[in-house]
Amino acid sequence: MRYFFWSAVISSTLVFAADLYVSTTGSDNNNGASNSPFQTLTKAQQAVRALISGSMNEDVVVHIADGVYGLTSPLALTTADSGKNGHTVYWKADGSNAIISGGIRVTGWTQGNNGVYSASVPAGTKSRNLYVGGKASNYARKKIANRKDFTYTTTGMTWTNGQYDWLQTTAGIAGAEIRFINSFTDRYSPIQSVGNRQLVMRQNAWSNNIIGYDTVNNNNADFGVWVQNALALLSDGGQFYLDSNAGRVYYKPLNGEDMAAIEIYLGVQECLISIGNTYSDPAHDINFSGLKFVGFLASLCPFLFCANERNTVYIFTKLLQGSHYLDETLDLWVRGSTDRSLYWREHSISTV
């Protein structure tokens, strides 16, 4: 049987149940009951902590309705958010489309030249990822035909072949970057300035890319080199460019994409959820099920995460190069052992 009790931790007038509900149509002035849901995950977290601080004698279940829940900072779960007395805290999607987002939804697109659309975002917005219809876009870019046509020095790159002279005349190359995909490393280096058949690269990023293993000039395999992140390079469908200073994002749609209807997000948060504490007092007995995360890189396995020395699991949204966002559901169980063995399988991750 579920029960209600009063908690003065958040408000002397709010009532909390072992079942808490969150909905995008709710209000954080509500009490979290099924007919009076909260609106944000942050408010639900406060309510969970209030319940845990008392005598927890049954599971706490946070029911999350379908909708997009934006986070402006990571939802940090620690021991204070953990189950106890043999009980667990569940964060559970009640439907099939409960989405936690670390991005800005971009709307109001207008068409410009050459089929390129643009829309305003807050000036100063930083991002490496634009997600269109659930898929990450490529940067505005142009491929280098052969990296061996260049000479690599301690300050940058030079060439003698005239087919690369476009690097001297294309607007915005100074301030763009070069990406080198090698056998093991995926290297990025910002361009500081352009000279006479010369790219002067920013330091110390460049020096770090020409020393060590599988470098830009001593690569074990070559999977392509691109100059990217300049508006003048935006030519192909599925590419984007963000002008952070001006607060404007540009995108050229793929065939069949309706810019008036498709959902587009600019990823801005590096981390959506962190779960952990210390080895001596780790987070534990927390379960996530059925949730989706906007802006998640999933290129090598269904889900990407890491654990650090504080036994913390991070769920990332903004990474260097995106693939798809996490449109599969996530099931994550934190049991609280200091054993840092991490396992993943299709549609689930566990720390045990």
# chains A, B, ... in the order shown; residues from 1 in each chain; ligands from 1
>>> select_by_dssp(residues="segment 13-221 of chain A", states="strand (DSSP E or B)", output="mmCIF file with C-alpha atoms, in the first residue's frame")
data_model
loop_
_atom_site.group_PDB
_atom_site.id
_atom_site.type_symbol
_atom_site.label_atom_id
_atom_site.label_comp_id
_atom_site.auth_asym_id
_atom_site.auth_seq_id
_atom_site.Cartn_x
_atom_site.Cartn_y
_atom_site.Cartn_z
ATOM 1 C CA VAL A 15 2.586 16.269 0.478
ATOM 2 C CA PHE A 16 4.831 13.564 -1.000
ATOM 3 C CA ALA A 17 4.140 9.952 -1.838
ATOM 4 C CA ASP A 19 5.175 7.384 -6.029
ATOM 5 C CA LEU A 20 6.161 10.746 -7.508
ATOM 6 C CA TYR A 21 5.055 12.024 -10.907
ATOM 7 C CA VAL A 22 6.656 14.421 -13.367
ATOM 8 C CA ALA A 33 0.940 13.188 -6.911
ATOM 9 C CA SER A 36 -0.658 16.997 -9.403
ATOM 10 C CA PHE A 38 5.905 18.242 -10.867
ATOM 11 C CA VAL A 60 10.500 5.363 -4.317
ATOM 12 C CA VAL A 61 9.327 5.535 -7.928
ATOM 13 C CA VAL A 62 9.588 8.716 -10.012
ATOM 14 C CA HIS A 63 7.157 8.344 -12.931
ATOM 15 C CA ILE A 64 8.239 10.480 -15.896
ATOM 16 C CA GLY A 67 7.828 14.872 -23.198
ATOM 17 C CA VAL A 68 11.149 16.720 -23.337
ATOM 18 C CA TYR A 69 12.768 17.660 -20.034
ATOM 19 C CA GLY A 70 15.507 20.221 -20.470
ATOM 20 C CA LEU A 75 21.305 16.185 -12.560
ATOM 21 C CA ALA A 76 23.855 15.126 -9.931
ATOM 22 C CA LEU A 77 22.847 12.038 -7.959
ATOM 23 C CA VAL A 89 14.913 4.737 -6.068
ATOM 24 C CA TYR A 90 13.477 4.252 -9.566
ATOM 25 C CA TRP A 91 13.421 6.917 -12.265
ATOM 26 C CA LYS A 92 10.975 5.387 -14.721
ATOM 27 C CA ALA A 93 9.540 6.503 -18.056
ATOM 28 C CA ALA A 98 10.306 10.568 -22.165
ATOM 29 C CA ILE A 99 13.372 12.546 -23.266
ATOM 30 C CA ILE A 100 16.023 14.224 -21.136
ATOM 31 C CA SER A 101 17.600 17.012 -23.151
ATOM 32 C CA GLY A 103 20.142 21.028 -25.780
ATOM 33 C CA ILE A 104 18.316 24.036 -27.131
ATOM 34 C CA ARG A 105 15.448 23.384 -29.498
ATOM 35 C CA THR A 110 14.415 30.978 -42.638
ATOM 36 C CA GLN A 111 15.761 30.030 -46.055
ATOM 37 C CA TYR A 117 18.539 27.799 -43.692
ATOM 38 C CA SER A 118 19.398 29.774 -40.577
ATOM 39 C CA ALA A 119 17.861 30.449 -37.176
ATOM 40 C CA SER A 120 18.736 32.511 -34.128
ATOM 41 C CA ASN A 129 26.466 19.143 -32.246
ATOM 42 C CA LEU A 130 23.274 19.905 -34.152
ATOM 43 C CA TYR A 131 20.691 17.115 -34.051
ATOM 44 C CA VAL A 132 18.124 17.104 -36.851
ATOM 45 C CA LYS A 135 20.526 12.427 -36.088
ATOM 46 C CA ALA A 136 23.716 14.426 -35.688
ATOM 47 C CA ASN A 138 28.155 17.015 -40.045
ATOM 48 C CA TYR A 139 30.116 20.217 -39.694
ATOM 49 C CA ARG A 141 33.471 21.014 -44.253
ATOM 50 C CA LYS A 142 35.553 20.200 -47.323
ATOM 51 C CA LYS A 143 37.773 17.169 -47.746
ATOM 52 C CA PHE A 150 51.264 18.715 -47.515
ATOM 53 C CA THR A 151 54.456 19.311 -45.581
ATOM 54 C CA TYR A 152 54.033 19.324 -41.819
ATOM 55 C CA GLY A 156 51.586 24.201 -39.350
ATOM 56 C CA MET A 157 51.100 22.908 -42.899
ATOM 57 C CA THR A 158 52.414 24.061 -46.277
ATOM 58 C CA TRP A 159 51.679 22.984 -49.859
ATOM 59 C CA GLU A 177 39.921 23.619 -37.852
ATOM 60 C CA ILE A 178 41.310 20.495 -39.481
ATOM 61 C CA ARG A 179 40.212 16.988 -38.562
ATOM 62 C CA PHE A 180 42.483 13.988 -39.198
ATOM 63 C CA ILE A 181 40.969 10.513 -38.835
ATOM 64 C CA ASP A 186 40.769 11.203 -34.275
ATOM 65 C CA ARG A 187 42.666 14.485 -34.214
ATOM 66 C CA TYR A 188 41.425 18.078 -34.324
ATOM 67 C CA SER A 189 43.572 21.170 -34.651
ATOM 68 C CA PRO A 190 42.374 24.823 -34.871
ATOM 69 C CA ILE A 191 43.734 27.077 -37.626
ATOM 70 C CA GLN A 192 45.200 30.339 -36.357
ATOM 71 C CA SER A 193 45.974 32.102 -39.637
ATOM 72 C CA VAL A 194 46.507 31.621 -43.376
ATOM 73 C CA GLY A 195 49.687 32.603 -45.205
ATOM 74 C CA GLN A 198 50.598 27.932 -45.490
ATOM 75 C CA LEU A 199 48.242 27.212 -42.611
ATOM 76 C CA VAL A 200 49.559 28.426 -39.271
ATOM 77 C CA MET A 201 48.014 26.254 -36.566
#
>>> select_by_dssp(residues="segment 42-241 of chain A", states="helix (DSSP H, G or I)", output="ChimeraX atom specification")
/A:42-52,79-81,113-115,147-149,162-164,166-169,205-209,231-233
>>> atom_distance(atom1="atom CA of Lys252 of chain A", atom2="atom CA of Gly112 of chain A")
9.7 Å
>>> residues_around(residues="Val249 of chain A", least_positions_apart="3", cutoff="10 Å", atoms="only C-alpha atoms", output="list of chain:residue names")
A:Val106, A:Trp109, A:Tyr117, A:Ser118, A:Ala119, A:Ser120, A:Val121, A:Thr125, A:Leu130, A:Leu231, A:Phe240, A:Tyr241, A:Leu242, A:Asp243, A:Ser244, A:Ala246, A:Leu266
>>> residues_around(residues="segment 80-82 of chain A", least_positions_apart="3", cutoff="10 Å", atoms="only C-alpha atoms", output="ChimeraX atom specification")
/A:45-53,60,76-77,87-90,275-277,282-287,334-336
>>> write_last_selection(atoms="C-alpha atoms", output="short mmCIF file (atom, residue, chain, number, x, y, z; two decimals), in the first residue's frame")
data_model
loop_
_atom_site.label_atom_id
_atom_site.label_comp_id
_atom_site.auth_asym_id
_atom_site.auth_seq_id
_atom_site.Cartn_x
_atom_site.Cartn_y
_atom_site.Cartn_z
CA GLN A 45 14.97 15.11 -7.06
CA GLN A 46 14.26 17.42 -4.13
CA ALA A 47 11.16 15.41 -3.31
CA VAL A 48 13.08 12.13 -3.51
CA ARG A 49 15.69 13.45 -1.11
CA ALA A 50 12.97 14.48 1.29
CA LEU A 51 11.58 10.96 1.24
CA ILE A 52 14.98 9.34 1.67
CA SER A 53 15.85 11.54 4.62
CA VAL A 60 10.50 5.36 -4.32
CA ALA A 76 23.85 15.13 -9.93
CA LEU A 77 22.85 12.04 -7.96
CA HIS A 87 14.86 -0.30 -1.11
CA THR A 88 15.57 1.38 -4.44
CA VAL A 89 14.91 4.74 -6.07
CA TYR A 90 13.48 4.25 -9.57
CA ILE A 275 25.79 9.40 -10.58
CA GLY A 276 28.38 8.88 -7.86
CA ASN A 277 30.06 10.14 -4.72
CA PRO A 282 29.12 5.65 -3.27
CA ALA A 283 25.73 6.27 -4.81
CA HIS A 284 23.70 3.07 -4.75
CA ASP A 285 20.31 1.50 -5.35
CA ILE A 286 19.30 3.91 -8.13
CA ASN A 287 17.58 2.64 -11.26
CA VAL A 334 23.74 1.65 -9.92
CA ARG A 335 24.17 -0.88 -7.14
CA GLY A 336 26.88 0.97 -5.24
#
>>> residues_around(residues="Tyr164 of chain A", least_positions_apart="3", cutoff="10 Å", atoms="only C-alpha atoms", output="list of chain:residue names")
A:Ile144, A:Ala145, A:Asp149, A:Phe150, A:Thr158, A:Trp159, A:Thr160, A:Asn161, A:Leu167, A:Gln168, A:Thr169, A:Arg197
>>> write_last_selection(atoms="C-alpha atoms", output="short mmCIF file (atom, residue, chain, number, x, y, z; two decimals), in the first residue's frame")
data_model
loop_
_atom_site.label_atom_id
_atom_site.label_comp_id
_atom_site.auth_asym_id
_atom_site.auth_seq_id
_atom_site.Cartn_x
_atom_site.Cartn_y
_atom_site.Cartn_z
CA ILE A 144 41.52 17.34 -48.35
CA ALA A 145 42.24 15.06 -51.30
CA ASP A 149 50.42 16.62 -50.60
CA PHE A 150 51.26 18.71 -47.52
CA THR A 158 52.41 24.06 -46.28
CA TRP A 159 51.68 22.98 -49.86
CA THR A 160 52.85 23.55 -53.40
CA ASN A 161 49.98 21.91 -55.31
CA LEU A 167 42.52 27.38 -48.52
CA GLN A 168 43.95 30.88 -49.07
CA THR A 169 40.78 32.41 -50.48
CA ARG A 197 50.31 28.40 -49.20
#
>>> closest_residue(among="A:Ser235, A:Thr25, A:Asn31, A:Ser280", to="Asn113 of chain A", atoms="only C-alpha atoms")
A:Ser235
>>> closest_residue(among="A:Val216, A:Leu71, A:Ala261, A:Val268", to="Pro122 of chain A", atoms="only C-alpha atoms")
A:Val268
